[in-house]
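File shown here: data_30.cif, holding mmCIF, C-alpha atoms.
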data_my_file
loop_
_atom_site.label_atom_id
_atom_site.label_comp_id
_atom_site.auth_asym_id
_atom_site.auth_seq_id
_atom_site.Cartn_x
_atom_site.Cartn_y
_atom_site.Cartn_z
CA MET A 1 -12.62 15.14 4.88
CA TYR A 2 -11.09 11.70 4.40
CA LYS A 3 -7.30 11.37 4.40
CA VAL A 4 -5.74 8.75 2.13
CA LEU A 5 -2.04 7.99 1.73
CA VAL A 6 -1.32 6.77 -1.80
CA LEU A 7 1.66 4.47 -2.39
CA PRO A 8 1.90 3.68 -6.14
CA GLY A 9 4.95 1.43 -5.72
CA ASP A 10 6.62 -0.43 -8.58
CA GLY A 11 5.90 -1.95 -11.99
CA VAL A 12 2.27 -1.46 -12.99
CA GLY A 13 1.50 -0.06 -9.54
CA PRO A 14 1.55 3.61 -10.60
CA GLU A 15 -0.62 2.87 -13.65
CA VAL A 16 -3.38 1.02 -11.82
CA VAL A 17 -3.32 3.47 -8.90
CA ASP A 18 -3.82 6.36 -11.34
CA GLU A 19 -7.03 4.73 -12.56
CA ALA A 20 -8.22 4.01 -9.03
CA LEU A 21 -7.69 7.66 -8.11
CA LYS A 22 -9.62 8.65 -11.22
CA VAL A 23 -12.57 6.67 -9.87
CA LEU A 24 -12.10 8.09 -6.36
CA ARG A 25 -12.22 11.62 -7.79
CA LYS A 26 -15.49 10.76 -9.52
CA VAL A 27 -16.87 9.45 -6.21
CA SER A 28 -15.80 12.70 -4.60
CA SER A 29 -17.58 14.69 -7.30
CA VAL A 30 -20.91 12.84 -7.30
CA ALA A 31 -21.12 12.55 -3.50
CA HIS A 32 -19.73 16.00 -2.69
CA LEU A 33 -17.04 14.54 -0.44
CA VAL A 34 -13.42 15.54 0.01
CA PHE A 35 -10.68 12.91 -0.20
CA ASP A 36 -7.33 14.41 0.76
CA THR A 37 -4.72 12.25 -1.02
CA GLU A 38 -0.97 12.41 -0.55
CA GLU A 39 1.59 10.28 -2.39
CA ALA A 40 4.82 8.69 -1.14
CA VAL A 41 7.26 6.10 -2.48
CA VAL A 42 7.68 2.54 -1.21
CA GLY A 43 9.34 -0.65 -2.36
CA GLY A 44 11.76 -0.42 -5.25
CA ALA A 45 10.87 3.22 -5.83
CA SER A 46 11.91 3.99 -2.26
CA LEU A 47 15.10 1.96 -2.67
CA GLU A 48 16.01 4.07 -5.69
CA ARG A 49 15.30 7.35 -3.91
CA HIS A 50 16.17 6.65 -0.27
CA GLY A 51 18.19 3.43 -0.27
CA VAL A 52 15.62 1.53 1.85
CA PRO A 53 12.23 -0.08 1.04
CA ILE A 54 10.36 2.39 3.24
CA ILE A 55 11.39 5.38 5.33
CA GLU A 56 10.10 6.32 8.75
CA ALA A 57 8.43 9.46 7.39
CA THR A 58 6.25 7.33 5.10
CA LEU A 59 5.25 5.09 8.00
CA SER A 60 4.34 8.18 10.00
CA LYS A 61 2.19 9.47 7.14
CA ALA A 62 0.45 6.09 6.96
CA LYS A 63 -0.32 6.20 10.68
CA ALA A 64 -1.73 9.72 10.31
CA SER A 65 -4.04 8.71 7.43
CA ASP A 66 -7.51 7.22 7.53
CA ALA A 67 -6.51 4.64 4.92
CA VAL A 68 -3.59 3.62 2.71
CA LEU A 69 -3.95 2.72 -0.99
CA LEU A 70 -1.04 0.65 -2.33
CA GLY A 71 -0.28 -0.32 -5.93
CA ALA A 72 2.35 -3.08 -5.95
CA VAL A 73 5.94 -3.56 -4.84
CA GLY A 74 8.85 -5.59 -6.14
CA GLY A 75 10.43 -6.73 -9.37
CA PRO A 76 13.37 -8.78 -10.68
CA LYS A 77 15.62 -5.72 -10.58
CA TRP A 78 15.79 -6.02 -6.78
CA ASP A 79 15.77 -9.81 -6.41
CA VAL A 80 19.55 -9.84 -5.90
CA LEU A 81 19.28 -7.81 -2.70
CA ASP A 82 19.51 -9.35 0.75
CA HIS A 83 16.13 -10.21 2.25
CA PRO A 84 15.90 -7.19 4.63
CA MET A 85 16.40 -4.82 1.67
CA ARG A 86 13.85 -6.37 -0.70
CA PRO A 87 11.00 -4.07 -1.80
CA GLU A 88 8.47 -6.45 -0.24
CA GLN A 89 9.81 -5.53 3.20
CA ALA A 90 7.92 -2.24 2.84
CA LEU A 91 4.63 -4.11 2.94
CA LEU A 92 5.67 -6.07 6.02
CA ALA A 93 6.73 -2.84 7.72
CA LEU A 94 3.38 -1.25 6.92
CA ARG A 95 1.47 -4.24 8.27
CA GLU A 96 3.47 -4.22 11.48
CA GLY A 97 3.53 -0.45 11.92
CA LEU A 98 -0.21 -0.08 11.34
CA GLY A 99 -1.16 -3.13 13.40
CA LEU A 100 -2.89 -4.86 10.50
CA TYR A 101 -3.91 -8.40 11.44
CA ALA A 102 -6.85 -9.29 9.16
CA ASN A 103 -6.39 -9.71 5.41
CA LEU A 104 -9.68 -9.78 3.49
CA ARG A 105 -9.78 -11.19 -0.02
CA PRO A 106 -13.20 -11.35 -1.65
CA ALA A 107 -13.62 -13.68 -4.61
CA THR A 108 -16.72 -13.09 -6.68
CA ILE A 109 -17.50 -14.11 -10.23
CA ASP A 110 -18.78 -11.36 -12.48
CA PRO A 111 -21.59 -12.77 -14.67
CA ASN A 112 -19.87 -11.25 -17.69
CA LEU A 113 -16.66 -13.21 -17.02
CA LEU A 114 -17.93 -16.73 -16.43
CA ASP A 115 -16.13 -17.93 -19.55
CA ALA A 116 -12.82 -16.57 -18.23
CA SER A 117 -12.79 -18.98 -15.29
CA PRO A 118 -10.77 -22.19 -15.70
CA LEU A 119 -13.70 -24.04 -14.09
CA LYS A 120 -17.04 -24.93 -15.64
CA ARG A 121 -19.73 -22.25 -15.71
CA GLU A 122 -22.08 -24.27 -13.52
CA VAL A 123 -19.37 -24.61 -10.85
CA VAL A 124 -18.45 -20.93 -10.54
CA GLU A 125 -21.67 -19.12 -11.39
CA GLY A 126 -22.84 -17.31 -8.25
CA VAL A 127 -19.61 -17.71 -6.27
CA ASP A 128 -19.28 -14.98 -3.63
CA LEU A 129 -16.82 -15.81 -0.87
CA LEU A 130 -14.53 -13.89 1.47
CA VAL A 131 -11.22 -15.26 2.74
CA VAL A 132 -10.22 -13.77 6.10
CA ARG A 133 -6.54 -14.52 6.64
CA GLU A 134 -4.69 -13.94 9.92
CA LEU A 135 -1.79 -11.72 8.99
CA THR A 136 0.68 -11.30 11.86
CA GLY A 137 1.18 -14.71 13.47
CA GLY A 138 1.77 -18.31 12.53
CA ILE A 139 4.71 -19.95 10.85
CA TYR A 140 5.78 -16.87 8.90
CA PHE A 141 6.73 -15.05 12.10
CA GLY A 142 7.21 -17.82 14.68
CA LYS A 143 10.58 -18.38 16.34
CA PRO A 144 12.90 -20.22 16.50
CA ARG A 145 13.51 -20.37 12.77
CA GLY A 146 16.61 -20.75 10.64
CA ILE A 147 19.01 -23.10 8.88
CA LYS A 148 21.62 -24.92 10.93
CA LYS A 149 24.50 -27.22 10.09
CA ASN A 150 24.45 -30.71 11.58
CA PRO A 151 27.55 -32.51 12.91
CA ASP A 152 27.66 -34.64 9.76
CA GLY A 153 27.85 -31.52 7.59
CA SER A 154 24.26 -31.67 6.35
CA GLU A 155 21.90 -28.73 6.82
CA GLN A 156 18.54 -28.53 8.52
CA GLY A 157 15.91 -25.84 7.95
CA PHE A 158 13.25 -25.20 10.58
CA ASN A 159 10.31 -22.91 11.29
CA THR A 160 7.85 -22.63 14.16
CA GLU A 161 4.07 -22.32 13.97
CA ILE A 162 2.82 -20.37 17.00
CA TYR A 163 -0.58 -18.86 17.74
CA ALA A 164 -1.64 -17.17 20.97
CA THR A 165 -5.24 -17.14 22.15
CA HIS A 166 -5.66 -13.39 21.63
CA GLU A 167 -4.44 -13.61 18.02
CA VAL A 168 -7.03 -16.24 17.17
CA GLU A 169 -9.78 -14.45 19.10
CA ARG A 170 -9.45 -11.17 17.24
CA ILE A 171 -9.32 -12.68 13.74
CA ALA A 172 -12.25 -14.97 14.53
CA ARG A 173 -14.28 -12.07 15.90
CA ARG A 174 -13.60 -10.08 12.73
CA ALA A 175 -14.72 -13.01 10.57
CA PHE A 176 -17.99 -13.44 12.49
CA GLU A 177 -18.70 -9.71 12.34
CA LEU A 178 -18.20 -9.76 8.57
CA ALA A 179 -20.37 -12.84 8.19
CA ARG A 180 -23.24 -11.06 9.97
CA LYS A 181 -23.32 -8.61 7.07
CA ARG A 182 -23.26 -11.39 4.47
CA ARG A 183 -24.90 -14.85 4.46
CA ARG A 184 -24.09 -15.61 8.12
CA LYS A 185 -21.82 -18.61 7.54
CA VAL A 186 -18.22 -19.04 8.72
CA VAL A 187 -15.91 -21.92 7.81
CA SER A 188 -12.77 -22.10 9.96
CA VAL A 189 -9.92 -23.85 8.15
CA ASP A 190 -7.17 -25.63 10.10
CA LYS A 191 -5.21 -28.89 10.41
CA ALA A 192 -6.38 -29.84 13.89
CA ASN A 193 -5.91 -33.55 13.22
CA ILE A 194 -2.13 -33.01 13.06
CA LEU A 195 -1.03 -29.62 14.46
CA GLU A 196 -1.25 -28.45 18.07
CA SER A 197 -1.45 -24.86 16.86
CA SER A 198 -4.56 -25.84 14.91
CA ILE A 199 -6.05 -27.61 17.94
CA LEU A 200 -5.84 -24.32 19.83
CA TRP A 201 -7.11 -22.44 16.76
CA ARG A 202 -10.22 -24.62 16.52
CA LYS A 203 -10.87 -24.41 20.27
CA VAL A 204 -10.69 -20.60 20.32
CA VAL A 205 -12.74 -20.11 17.14
CA THR A 206 -15.42 -22.38 18.59
CA GLU A 207 -15.54 -20.31 21.79
CA VAL A 208 -15.80 -17.05 19.83
CA GLY A 209 -18.54 -18.58 17.71
CA LYS A 210 -20.72 -19.03 20.80
CA ARG A 211 -20.95 -15.23 21.01
CA PHE A 212 -22.47 -15.17 17.51
CA PRO A 213 -25.40 -17.61 17.73
CA ASP A 214 -26.91 -16.12 14.56
CA VAL A 215 -23.87 -17.18 12.50
CA GLN A 216 -23.40 -20.80 11.43
CA LEU A 217 -19.89 -22.11 12.20
CA SER A 218 -18.26 -25.16 10.64
CA HIS A 219 -14.69 -26.46 10.60
CA MET A 220 -12.75 -27.88 7.68
CA TYR A 221 -9.28 -29.36 7.32
CA VAL A 222 -7.12 -27.35 4.94
CA ASP A 223 -6.52 -30.21 2.48
CA ASN A 224 -10.26 -30.82 2.17
CA CYS A 225 -10.85 -27.07 1.83
CA ALA A 226 -8.42 -26.87 -1.08
CA MET A 227 -10.40 -29.61 -2.81
CA GLN A 228 -13.81 -28.11 -1.97
CA LEU A 229 -12.80 -24.72 -3.41
CA ILE A 230 -12.54 -26.41 -6.79
CA ARG A 231 -15.35 -28.93 -6.38
CA ASN A 232 -18.04 -26.66 -4.92
CA PRO A 233 -16.89 -23.08 -4.25
CA LYS A 234 -20.47 -21.82 -3.89
CA GLN A 235 -20.74 -23.49 -0.47
CA PHE A 236 -18.42 -20.87 1.07
CA ASP A 237 -19.41 -17.52 2.53
CA VAL A 238 -16.69 -16.36 4.98
CA MET A 239 -13.57 -18.49 5.38
CA VAL A 240 -11.25 -17.71 8.31
CA THR A 241 -7.83 -19.30 8.56
CA THR A 242 -4.18 -18.99 9.54
CA ASN A 243 -1.49 -16.93 7.88
CA MET A 244 0.04 -19.69 5.76
CA PHE A 245 -3.18 -21.52 4.93
CA GLY A 246 -4.81 -18.21 4.03
CA ASP A 247 -1.90 -17.26 1.82
CA ILE A 248 -2.36 -20.42 -0.22
CA LEU A 249 -6.16 -20.69 -0.24
CA SER A 250 -6.74 -17.04 -1.14
CA ASP A 251 -4.59 -17.44 -4.26
CA GLU A 252 -6.52 -20.59 -5.16
CA ALA A 253 -9.80 -18.73 -4.68
CA ALA A 254 -8.45 -15.88 -6.79
CA MET A 255 -8.13 -18.07 -9.86
CA LEU A 256 -11.80 -19.04 -9.72
CA THR A 257 -12.41 -15.64 -11.30
CA GLY A 258 -10.13 -16.28 -14.26
CA SER A 259 -7.83 -13.30 -13.68
CA ILE A 260 -5.90 -12.16 -10.64
CA GLY A 261 -6.24 -8.66 -12.11
CA MET A 262 -9.85 -8.60 -10.89
CA LEU A 263 -9.27 -9.16 -7.19
CA PRO A 264 -8.96 -6.50 -4.47
CA SER A 265 -7.83 -6.93 -0.89
CA ALA A 266 -8.06 -5.13 2.43
CA SER A 267 -5.72 -5.46 5.40
CA LEU A 268 -7.42 -4.25 8.56
CA GLY A 269 -6.35 -3.48 12.10
CA ASP A 270 -8.24 -1.89 14.96
CA ARG A 271 -7.41 1.67 13.85
CA HIS A 272 -5.77 1.51 10.43
CA ALA A 273 -6.33 -0.14 7.05
CA LEU A 274 -4.41 -0.77 3.84
CA TYR A 275 -6.01 -1.53 0.48
CA GLU A 276 -4.24 -3.09 -2.52
CA PRO A 277 -4.82 -5.33 -5.53
CA VAL A 278 -3.98 -9.00 -5.10
CA HIS A 279 -1.77 -9.01 -8.21
CA GLY A 280 1.91 -8.14 -8.16
CA SER A 281 3.95 -5.50 -9.95
CA ALA A 282 3.91 -7.31 -13.35
CA PRO A 283 7.13 -5.70 -14.62
CA ASP A 284 6.75 -7.40 -18.02
CA ILE A 285 3.82 -5.13 -18.92
CA ALA A 286 4.77 -2.06 -16.88
CA GLY A 287 4.60 1.15 -18.90
CA LYS A 288 2.62 -0.47 -21.74
CA ASN A 289 -0.83 0.72 -20.58
CA GLU A 290 -2.00 -2.91 -20.65
CA ALA A 291 -2.53 -3.65 -16.95
CA ASN A 292 -5.98 -4.38 -15.60
CA PRO A 293 -6.85 -1.63 -13.07
CA ILE A 294 -10.06 -3.26 -11.85
CA ALA A 295 -8.52 -4.93 -8.78
CA THR A 296 -7.20 -1.58 -7.59
CA ILE A 297 -10.49 0.17 -8.39
CA LEU A 298 -12.34 -2.49 -6.42
CA SER A 299 -9.84 -1.97 -3.59
CA VAL A 300 -11.11 1.61 -3.50
CA ALA A 301 -14.63 0.18 -3.18
CA LEU A 302 -13.45 -1.87 -0.19
CA MET A 303 -11.93 1.29 1.31
CA LEU A 304 -15.25 3.10 0.92
CA ARG A 305 -17.03 0.19 2.60
CA TYR A 306 -14.73 -0.81 5.47
CA THR A 307 -12.91 2.39 6.44
CA PHE A 308 -15.33 5.17 5.50
CA GLU A 309 -18.57 3.14 5.83
CA LEU A 310 -19.86 4.66 2.59
CA HIS A 311 -21.64 1.46 1.58
CA ASP A 312 -23.81 2.94 -1.17
CA LEU A 313 -20.79 4.50 -2.86
CA ALA A 314 -18.89 1.22 -2.64
CA LEU A 315 -21.81 -0.47 -4.38
CA SER A 316 -21.85 2.28 -7.01
CA VAL A 317 -18.20 1.60 -7.89
CA GLU A 318 -18.84 -2.15 -8.06
CA ARG A 319 -21.90 -1.60 -10.29
CA ALA A 320 -19.84 0.62 -12.58
CA VAL A 321 -17.28 -2.16 -12.98
CA ARG A 322 -20.00 -4.68 -13.86
CA GLU A 323 -21.54 -2.33 -16.41
CA VAL A 324 -18.23 -1.78 -18.18
CA LEU A 325 -17.43 -5.50 -18.28
CA LYS A 326 -20.55 -6.10 -20.33
CA GLY A 327 -18.72 -4.68 -23.32
CA TYR A 328 -15.04 -4.02 -22.59
CA ARG A 329 -11.97 -6.02 -21.58
CA THR A 330 -8.32 -5.46 -20.78
CA VAL A 331 -6.00 -7.96 -22.47
CA ASP A 332 -5.89 -10.38 -19.51
CA LEU A 333 -9.66 -10.88 -19.79
CA LEU A 334 -9.95 -10.88 -23.57
CA GLN A 335 -11.75 -13.94 -24.91
CA GLU A 336 -14.18 -14.04 -27.81
CA HIS A 337 -16.31 -11.39 -26.10
CA GLY A 338 -15.63 -7.74 -25.38
CA GLN A 339 -13.85 -4.84 -26.98
CA PRO A 340 -10.17 -4.59 -25.99
CA VAL A 341 -9.22 -1.43 -24.08
CA SER A 342 -6.11 -0.07 -22.39
CA CYS A 343 -5.57 0.37 -18.68
CA SER A 344 -6.31 4.09 -18.81
CA ARG A 345 -9.39 3.64 -21.01
CA MET A 346 -10.78 1.06 -18.60
CA GLY A 347 -10.37 3.59 -15.79
CA ASP A 348 -12.17 6.24 -17.85
CA LEU A 349 -15.08 3.93 -18.64
CA ILE A 350 -15.59 2.91 -15.02
CA ALA A 351 -15.30 6.46 -13.68
CA GLU A 352 -17.90 7.64 -16.21
CA ARG A 353 -20.41 5.15 -14.81
CA VAL A 354 -20.01 5.95 -11.10
CA ARG A 355 -23.18 7.55 -9.77
CA SER A 356 -24.28 8.76 -6.35
#
Could you show the structure in this file as structure tokens?
Amino acid sequence: MYKVLVLPGDGVGPEVVDEALKVLRKVSSVAHLVFDTEEAVVGGASLERHGVPIIEATLSKAKASDAVLLGAVGGPKWDVLDHPMRPEQALLALREGLGLYANLRPATIDPNLLDASPLKREVVEGVDLLVVRELTGGIYFGKPRGIKKNPDGSEQGFNTEIYATHEVERIARRAFELARKRRRKVVSVDKANILESSILWRKVVTEVGKRFPDVQLSHMYVDNCAMQLIRNPKQFDVMVTTNMFGDILSDEAAMLTGSIGMLPSASLGDRHALYEPVHGSAPDIAGKNEANPIATILSVALMLRYTFELHDLALSVERAVREVLKGYRTVDLLQEHGQPVSCSRMGDLIAERVRS
């Protein structure tokens, strides 16, 4: 039996999670497996019920689960709150509490959606890359940080980029292990011509790479990488990088596909994992049955692959998505091709096509 904590969250989160669970139930049926799912509230939903973005009991349930499936958190309703009370703090608490340090964002181009990409067909056809972003260190968490007032009355904002050897070692090792199961190429992205933190990053990644002689390692400055993602994205297999650079580059890679509603993600630690769509809560379409559930459904596929090691079933879900996209589209993907369908109908169509 596999234990999954389900956190629908806010906005379209509950809608897309419902469709992902529909697919998971079909997987359970065809493979004769038991997925024990339990729901809890986080983000704005938790603020409404408990007065905080996440309660300790929910964190405890997450730690006791094999995997966590999250919808989305946040929305303009809560933007007026102080930073520690924002819905997004629930996600940070989950990452910290579960020890999640590696964020995986695959970016692949479905052959049926080549025309949805903002780039030319010949540039994006065949793209299949994986961004591995370090999740717990770097400038987002480094101290000192703050805003101070200068003697002349002006203000000065400051942050600190810090990486320790062990933080770089573990994310690099994860990237190389993933590359071994793909095309055996790793690009490490840094700014080692300017930043001391990147000098250490490059040094440590290079040392880790020596333990994986079957994987090709190259290094790329982040500004060049941003350009190469647009110029020639097919050159990339696994990209490993820092928290901030990964935050930016993974969103850039996401738009190669034409819709952020297509992209899943996994956040992995040594013992726990959290799976969620890359897109946000999209409050403007919440409750309209218009959201694209595919990113969340593909997040279930990642869960099957990385947590439960059910690789054939993960492939079955991904094949089902490709089959449906030959003839059907949610509104975000609608071009001149494809029959328009609702969020729930898209979930039905994909679930129907999942096979053992």
Calculate how many Å separate CA of Asp251 in chain A from CA of Phe236 in chain A, rounding to one decimal.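 Interatomic distance, CA of Asp251 in chain A to CA of Phe236 in chain A: 15.2 Å.
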Contacts of Trp78 in chain A at 12 Å or less, counting only C-alpha atoms, minus same-chain residues fewer than 2 places along, as a ChimeraX atom specification? /A:10-11,43-48,51-53,73-76,80-89,283
Give me, please, the distance in Å between CA of Val34 in chain A and CA of Tyr2 in chain A, quoted to one decimal.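 If I compute the distance from CA of Val34 in chain A to CA of Tyr2 in chain A, I get 6.3 Å.
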Selection as JSON, numbers by chain: residues within 12 Å of (8.1, 6.4, 4.7), counting only C-alpha atoms: {"A": [5, 6, 7, 9, 39, 40, 41, 42, 43, 45, 46, 47, 49, 50, 51, 52, 53, 54, 55, 56, 57, 58, 59, 60, 61, 62, 63, 64, 90, 91, 93, 94, 97]}
Report as a tab-separated table (two decimals) with C-alpha atoms, keeping the file's coordinate frame the full result of the PyMOL selection byres ((chain A and resi 263) around 10) when it is applied to this structure.
chain	number	residue	atom	x	y	z
A	105	ARG	CA	-9.78	-11.19	-0.02
A	106	PRO	CA	-13.20	-11.35	-1.65
A	107	ALA	CA	-13.62	-13.68	-4.61
A	108	THR	CA	-16.72	-13.09	-6.68
A	251	ASP	CA	-4.59	-17.44	-4.26
A	253	ALA	CA	-9.80	-18.73	-4.68
A	254	ALA	CA	-8.45	-15.88	-6.79
A	255	MET	CA	-8.13	-18.07	-9.86
A	257	THR	CA	-12.41	-15.64	-11.30
A	259	SER	CA	-7.83	-13.30	-13.68
A	260	ILE	CA	-5.90	-12.16	-10.64
A	261	GLY	CA	-6.24	-8.66	-12.11
A	262	MET	CA	-9.85	-8.60	-10.89
A	264	PRO	CA	-8.96	-6.50	-4.47
A	265	SER	CA	-7.83	-6.93	-0.89
A	276	GLU	CA	-4.24	-3.09	-2.52
A	277	PRO	CA	-4.82	-5.33	-5.53
A	278	VAL	CA	-3.98	-9.00	-5.10
A	279	HIS	CA	-1.77	-9.01	-8.21
A	293	PRO	CA	-6.85	-1.63	-13.07
A	294	ILE	CA	-10.06	-3.26	-11.85
A	295	ALA	CA	-8.52	-4.93	-8.78
A	296	THR	CA	-7.20	-1.58	-7.59
A	297	ILE	CA	-10.49	0.17	-8.39
A	298	LEU	CA	-12.34	-2.49	-6.42
A	299	SER	CA	-9.84	-1.97	-3.59
For the file shown, what are the residues hit by the PyMOL selection byres ((chain A and resi 318-329) around 10), laid out as a ChimeraX atom specification? /A:23,110-113,292,294,297-298,300-302,312-317,330-335,337-343,345-347,349-355
C-alpha atoms of the current selection, written as a PDB file, keeping the file's coordinate frame:
ATOM      1  CA  VAL A  23     -12.570   6.670  -9.870  1.00  0.00           C
ATOM      2  CA  ASP A 110     -18.780 -11.360 -12.480  1.00  0.00           C
ATOM      3  CA  PRO A 111     -21.590 -12.770 -14.670  1.00  0.00           C
ATOM      4  CA  ASN A 112     -19.870 -11.250 -17.690  1.00  0.00           C
ATOM      5  CA  LEU A 113     -16.660 -13.210 -17.020  1.00  0.00           C
ATOM      6  CA  ASN A 292      -5.980  -4.380 -15.600  1.00  0.00           C
ATOM      7  CA  ILE A 294     -10.060  -3.260 -11.850  1.00  0.00           C
ATOM      8  CA  ILE A 297     -10.490   0.170  -8.390  1.00  0.00           C
ATOM      9  CA  LEU A 298     -12.340  -2.490  -6.420  1.00  0.00           C
ATOM     10  CA  VAL A 300     -11.110   1.610  -3.500  1.00  0.00           C
ATOM     11  CA  ALA A 301     -14.630   0.180  -3.180  1.00  0.00           C
ATOM     12  CA  LEU A 302     -13.450  -1.870  -0.190  1.00  0.00           C
ATOM     13  CA  ASP A 312     -23.810   2.940  -1.170  1.00  0.00           C
ATOM     14  CA  LEU A 313     -20.790   4.500  -2.860  1.00  0.00           C
ATOM     15  CA  ALA A 314     -18.890   1.220  -2.640  1.00  0.00           C
ATOM     16  CA  LEU A 315     -21.810  -0.470  -4.380  1.00  0.00           C
ATOM     17  CA  SER A 316     -21.850   2.280  -7.010  1.00  0.00           C
ATOM     18  CA  VAL A 317     -18.200   1.600  -7.890  1.00  0.00           C
ATOM     19  CA  THR A 330      -8.320  -5.460 -20.780  1.00  0.00           C
ATOM     20  CA  VAL A 331      -6.000  -7.960 -22.470  1.00  0.00           C
ATOM     21  CA  ASP A 332      -5.890 -10.380 -19.510  1.00  0.00           C
ATOM     22  CA  LEU A 333      -9.660 -10.880 -19.790  1.00  0.00           C
ATOM     23  CA  LEU A 334      -9.950 -10.880 -23.570  1.00  0.00           C
ATOM     24  CA  GLN A 335     -11.750 -13.940 -24.910  1.00  0.00           C
ATOM     25  CA  HIS A 337     -16.310 -11.390 -26.100  1.00  0.00           C
ATOM     26  CA  GLY A 338     -15.630  -7.740 -25.380  1.00  0.00           C
ATOM     27  CA  GLN A 339     -13.850  -4.840 -26.980  1.00  0.00           C
ATOM     28  CA  PRO A 340     -10.170  -4.590 -25.990  1.00  0.00           C
ATOM     29  CA  VAL A 341      -9.220  -1.430 -24.080  1.00  0.00           C
ATOM     30  CA  SER A 342      -6.110  -0.070 -22.390  1.00  0.00           C
ATOM     31  CA  CYS A 343      -5.570   0.370 -18.680  1.00  0.00           C
ATOM     32  CA  ARG A 345      -9.390   3.640 -21.010  1.00  0.00           C
ATOM     33  CA  MET A 346     -10.780   1.060 -18.600  1.00  0.00           C
ATOM     34  CA  GLY A 347     -10.370   3.590 -15.790  1.00  0.00           C
ATOM     35  CA  LEU A 349     -15.080   3.930 -18.640  1.00  0.00           C
ATOM     36  CA  ILE A 350     -15.590   2.910 -15.020  1.00  0.00           C
ATOM     37  CA  ALA A 351     -15.300   6.460 -13.680  1.00  0.00           C
ATOM     38  CA  GLU A 352     -17.900   7.640 -16.210  1.00  0.00           C
ATOM     39  CA  ARG A 353     -20.410   5.150 -14.810  1.00  0.00           C
ATOM     40  CA  VAL A 354     -20.010   5.950 -11.100  1.00  0.00           C
ATOM     41  CA  ARG A 355     -23.180   7.550  -9.770  1.00  0.00           C
TER      42      ARG A 355
END
From the set A:Leu33, A:Leu24, A:Ala102, A:Ala164, which residue has the shortest atom-to-atom contact distance to Ala273 in chain A, counting only C-alpha atoms?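 The shortest atom-to-atom distance to Ala273 in chain A comes from A:Ala102.
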Just say which residues the PyMOL selection byres ((chain A and resi 147) around 8) picks in this file, as a list in words.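 On the file shown, the PyMOL selection byres ((chain A and resi 147) around 8) covers Arg145, Gly146, Lys148, Lys149, Glu155, Gln156, Gly157 and Phe158 of chain A.
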Determine, using only C-alpha atoms, which residues of range 93-161 of chain A have any atom at most 6 Å from an atom of range 238-245 of chain A, and tabulate each with its shortest atom pair and distance in Å to one decimal place, rows ordered by chain and then rising number, as JSON lines.
{"residue": "A:Leu129", "atom": "CA", "partner": "A:Val238", "partner_atom": "CA", "distance": 5.9}
{"residue": "A:Leu130", "atom": "CA", "partner": "A:Val238", "partner_atom": "CA", "distance": 4.8}
{"residue": "A:Val131", "atom": "CA", "partner": "A:Met239", "partner_atom": "CA", "distance": 4.8}
{"residue": "A:Val132", "atom": "CA", "partner": "A:Val240", "partner_atom": "CA", "distance": 4.6}
{"residue": "A:Arg133", "atom": "CA", "partner": "A:Thr241", "partner_atom": "CA", "distance": 5.3}
{"residue": "A:Glu134", "atom": "CA", "partner": "A:Asn243", "partner_atom": "CA", "distance": 4.8}
{"residue": "A:Leu135", "atom": "CA", "partner": "A:Asn243", "partner_atom": "CA", "distance": 5.3}
{"residue": "A:Gly138", "atom": "CA", "partner": "A:Asn243", "partner_atom": "CA", "distance": 5.8}
If you measure from CA of Leu268 in chain A to CA of Leu100 in chain A, what distance in Å do you get, rounded to one decimal? 5.0 Å
Considering only C-alpha atoms, state which residue in the set A:Leu21, A:Thr37, A:Pro8, A:Ile194 is at the smallest distance from Ser65 in chain A.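 That would be A:Thr37, the residue with the smallest distance to Ser65 in chain A.
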Selected residue, from A:Lys191, A:Ile199, A:Gly258, A:Val17, that lies nearest to Ser117 in chain A when counting all atoms listed in the file: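 So, comparing all the options, the nearest one is A:Gly258.
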I'd like to know which of A:Thr165, A:Thr136, A:Asn232, A:Ser198 is closest to Lys120 in chain A, using only C-alpha atoms. A:Asn232
Looking at A:Gly71, A:Gly137, A:Pro233, A:Gly269, which one is nearest to Gly13 in chain A, with distances taken over all atoms listed in the file?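 Ranking A:Gly71, A:Gly137, A:Pro233, A:Gly269 by distance to Gly13 in chain A, first place goes to A:Gly71.
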Test item: residues at most 10 Å from Gly209 in chain A, only C-alpha atoms, excluding those fewer than 2 positions along its chain, as a list in words: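 Final neighbour list, sorted by chain and number: Glu169, Ala172, Arg173, Ala175, Phe176, Val186, Lys203, Val204, Val205, Thr206, Glu207, Arg211, Phe212, Pro213, Asp214, Val215, Gln216, Leu217 and Ser218 of chain A.
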Give me range 136-140 of chain A with N, CA and C atoms filled in, as an mmCIF file, in the coordinates of the input.
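Output file selection.cif is given in full below:
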data_model
loop_
_atom_site.group_PDB
_atom_site.id
_atom_site.type_symbol
_atom_site.label_atom_id
_atom_site.label_comp_id
_atom_site.auth_asym_id
_atom_site.auth_seq_id
_atom_site.Cartn_x
_atom_site.Cartn_y
_atom_site.Cartn_z
ATOM 1 N N THR A 136 -0.512 -11.678 11.083
ATOM 2 C CA THR A 136 0.680 -11.300 11.860
ATOM 3 C C THR A 136 1.302 -12.445 12.643
ATOM 4 N N GLY A 137 0.650 -13.602 12.684
ATOM 5 C CA GLY A 137 1.180 -14.710 13.470
ATOM 6 C C GLY A 137 1.482 -15.914 12.606
ATOM 7 N N GLY A 138 1.558 -17.074 13.255
ATOM 8 C CA GLY A 138 1.770 -18.310 12.530
ATOM 9 C C GLY A 138 3.204 -18.561 12.141
ATOM 10 N N ILE A 139 3.381 -19.454 11.201
ATOM 11 C CA ILE A 139 4.710 -19.950 10.850
ATOM 12 C C ILE A 139 5.586 -18.911 10.172
ATOM 13 N N TYR A 140 4.982 -17.887 9.579
ATOM 14 C CA TYR A 140 5.780 -16.870 8.900
ATOM 15 C C TYR A 140 6.565 -16.014 9.889
#
